[in-house]
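Everything below concerns the one structure shown next.
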Amino acid sequence: MSLTNYLVLAVILFSIGATTALVRRSAIMAFMGVELMLNATNLMLVTFSRLHGNLTGQVLAFFVMVVAAAEVVVGLAIIISIFRTRHSASVDDVNLLKS
Amino acid sequence: MESSEARAAAVSRPTGLLLALLGTLTSTGTTTTGEAILFWVLAIVMVAAALGMLFARKAVHGALSMVVVMIGLAFLYVAQDAPFLGVVQVVVYTGAVMMLFLFVLMLVGVDASDSLTETLRGQRWLAALGGLGLLIVLVGVVVRAEFGSPKGLTDANADSNPVALARLVFGSYAFALEIVGALLITAAVGALALTHRRRLTPRVTQRERSEARVKAGTAAGKPAPGVYARHNAMDVPALGPDGRPIEASVSRVLRVRGQEADAREYAARIDRVLSGSGSTRRASGAEEPAALQEPPIEAPGETVPGDGPGGDGVKEKS
């Protein structure tokens, strides 16, 4: 089996994550789609690290994980504070700037 | 090399053998058969779980599918000579991030499902089409690209994967690590600031509660069903020493809902006792079975001590 299969799998997961982020209205589900995209990118980085015999890709994947953790914390805090004021977790209800 | 061999020996033999079998590449740059089998099994499971996340009606199901995908990714990392990332994936992503997601889901409400009203016409279909197009384009790029022969990580991982990673992270990428630390602190403080709520009403302490209770005259608590109580059901008001029902002994919620039992029914006999004489008491005694539905309720209470034979039977058995 060629290592390209890993890349194809990563691409499939990335597309599914992107579709989830675009299609779902619930902010949490859209956020999970973003997480899936980040995970797919990590798989790609690890595979390329193996292709090139170079650990830098894994280091980058590690940093992606850390940044994703920070992003999740802030994003979920925003979702909660919106939920407190608007009583909804749907991205459609965040339209305060709309005249 | 000797140290790595000693370390490999420290790992239990089947595990070490499995890791060695999974991570290595054959001379032609392809994976071993074992890794191929692992990949195909996990790939099917992961794509199915990802699609499950996409189509899940409830957010909790989506989160659980996401956990499946993440654990599958951890397996693939370990298979691809990245055991450190595999462990971090399980600990950070599956353990921390997804649990955070589940916490927020519980806060927001598990039943909060997507609204089906379209705010932008055809946005859903356009988005799905865009996702499909992205998939086709990216697959085309990946499949048609030339990557050269894979080198594998056996040389880079000579001193075990975590050690080699640590050399890079604390060596060439030390500054990036510091920046990431600052980012994490900022994110933590930001999350605290975003979810902080200022208290709108003064805090009621135990002292204020007790003072309010003394002022209201219920220092000893609200009366519970007492000596004259016919029931200990929640909706039946307690009868005071004078036989009068005490309204306050029924939960306020039941009173508001109108589910309170009729106090008069239970106090009627007392009224008769208070107003009349011994003859009325007799009369009320004769009336009793018809007026009150007490006997079926009191009967089990009386039969409990009368259950002696049964109890004796148990004793004989033991």
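Identifiers for the structure tokens are assigned positionally: chains receive A, B, ... in sequence, residues are indexed from 1 per chain, and ligands are indexed from 1 in the order shown.
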**Q.** Residues within 12 Å of Thr85 in chain A, only C-alpha atoms, excluding chain neighbours under 2 positions, as a PyMOL selection string
**A.** (chain A and resi 78-83+87-89+93-94+96) or (chain B and resi 108+195+197)
Print the selection's residues with C-alpha atoms to a file, as an mmCIF file, in the first residue's frame.
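What landed in part-v6.cif:
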```cif
data_model
loop_
_atom_site.group_PDB
_atom_site.id
_atom_site.type_symbol
_atom_site.label_atom_id
_atom_site.label_comp_id
_atom_site.auth_asym_id
_atom_site.auth_seq_id
_atom_site.Cartn_x
_atom_site.Cartn_y
_atom_site.Cartn_z
ATOM 1 C CA ILE A 78 -17.939 32.648 22.779
ATOM 2 C CA ILE A 79 -20.674 30.101 22.045
ATOM 3 C CA ILE A 80 -21.647 30.024 25.714
ATOM 4 C CA SER A 81 -21.722 33.799 26.066
ATOM 5 C CA ILE A 82 -23.857 34.076 22.925
ATOM 6 C CA PHE A 83 -26.133 31.371 24.266
ATOM 7 C CA HIS A 87 -30.764 31.719 24.243
ATOM 8 C CA SER A 88 -29.750 29.929 21.075
ATOM 9 C CA ALA A 89 -26.680 28.136 19.797
ATOM 10 C CA ASP A 93 -29.484 33.867 15.431
ATOM 11 C CA VAL A 94 -26.303 35.874 15.724
ATOM 12 C CA LEU A 96 -27.306 41.738 15.975
ATOM 13 C CA VAL B 108 -26.524 24.642 25.810
ATOM 14 C CA THR B 195 -17.814 33.502 30.495
ATOM 15 C CA ARG B 197 -20.879 37.032 34.858
#
```
Q: Would you return as a PyMOL selection string the members of chain A that DSSP assigns to alpha helix (DSSP H) on this structure's backbone?
A: chain A and resi 4-23+27-52+56-86
(Q) as JSON, numbers by chain, please: the residues near range 9-14 of chain A (cut-off 6 Å, only C-alpha atoms, same-chain neighbours under 2 positions excluded). (A) {"A": [6, 7, 16, 17, 37, 40, 44]}
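Between CA of Val23 in chain A and CA of Arg124 in chain B the separation is 5.4 Å.
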Q: Considering only C-alpha atoms, return as a PyMOL selection string whatever protein or nucleic-acid residues lie within 12 Å of range 66-73 of chain A, sequence-local ones (same chain, fewer than 5 positions apart) excluded.
A: (chain A and resi 28+30-39+41-42+59-61+78-80) or (chain B and resi 85+88-89+91-101+103-104+176-195)
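Reported to one decimal place, the separation of CA of Val236 in chain B from CA of Ala261 in chain B is 5.3 Å.
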Q. Would you give me, as a PyMOL selection string, the residues in range 138-281 of chain B that DSSP reads as strand (DSSP E)?
A. chain B and resi 238-239+245-246
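From CA of Ala50 in chain B back to CA of Ala74 in chain B, the distance works out to 14.9 Å.
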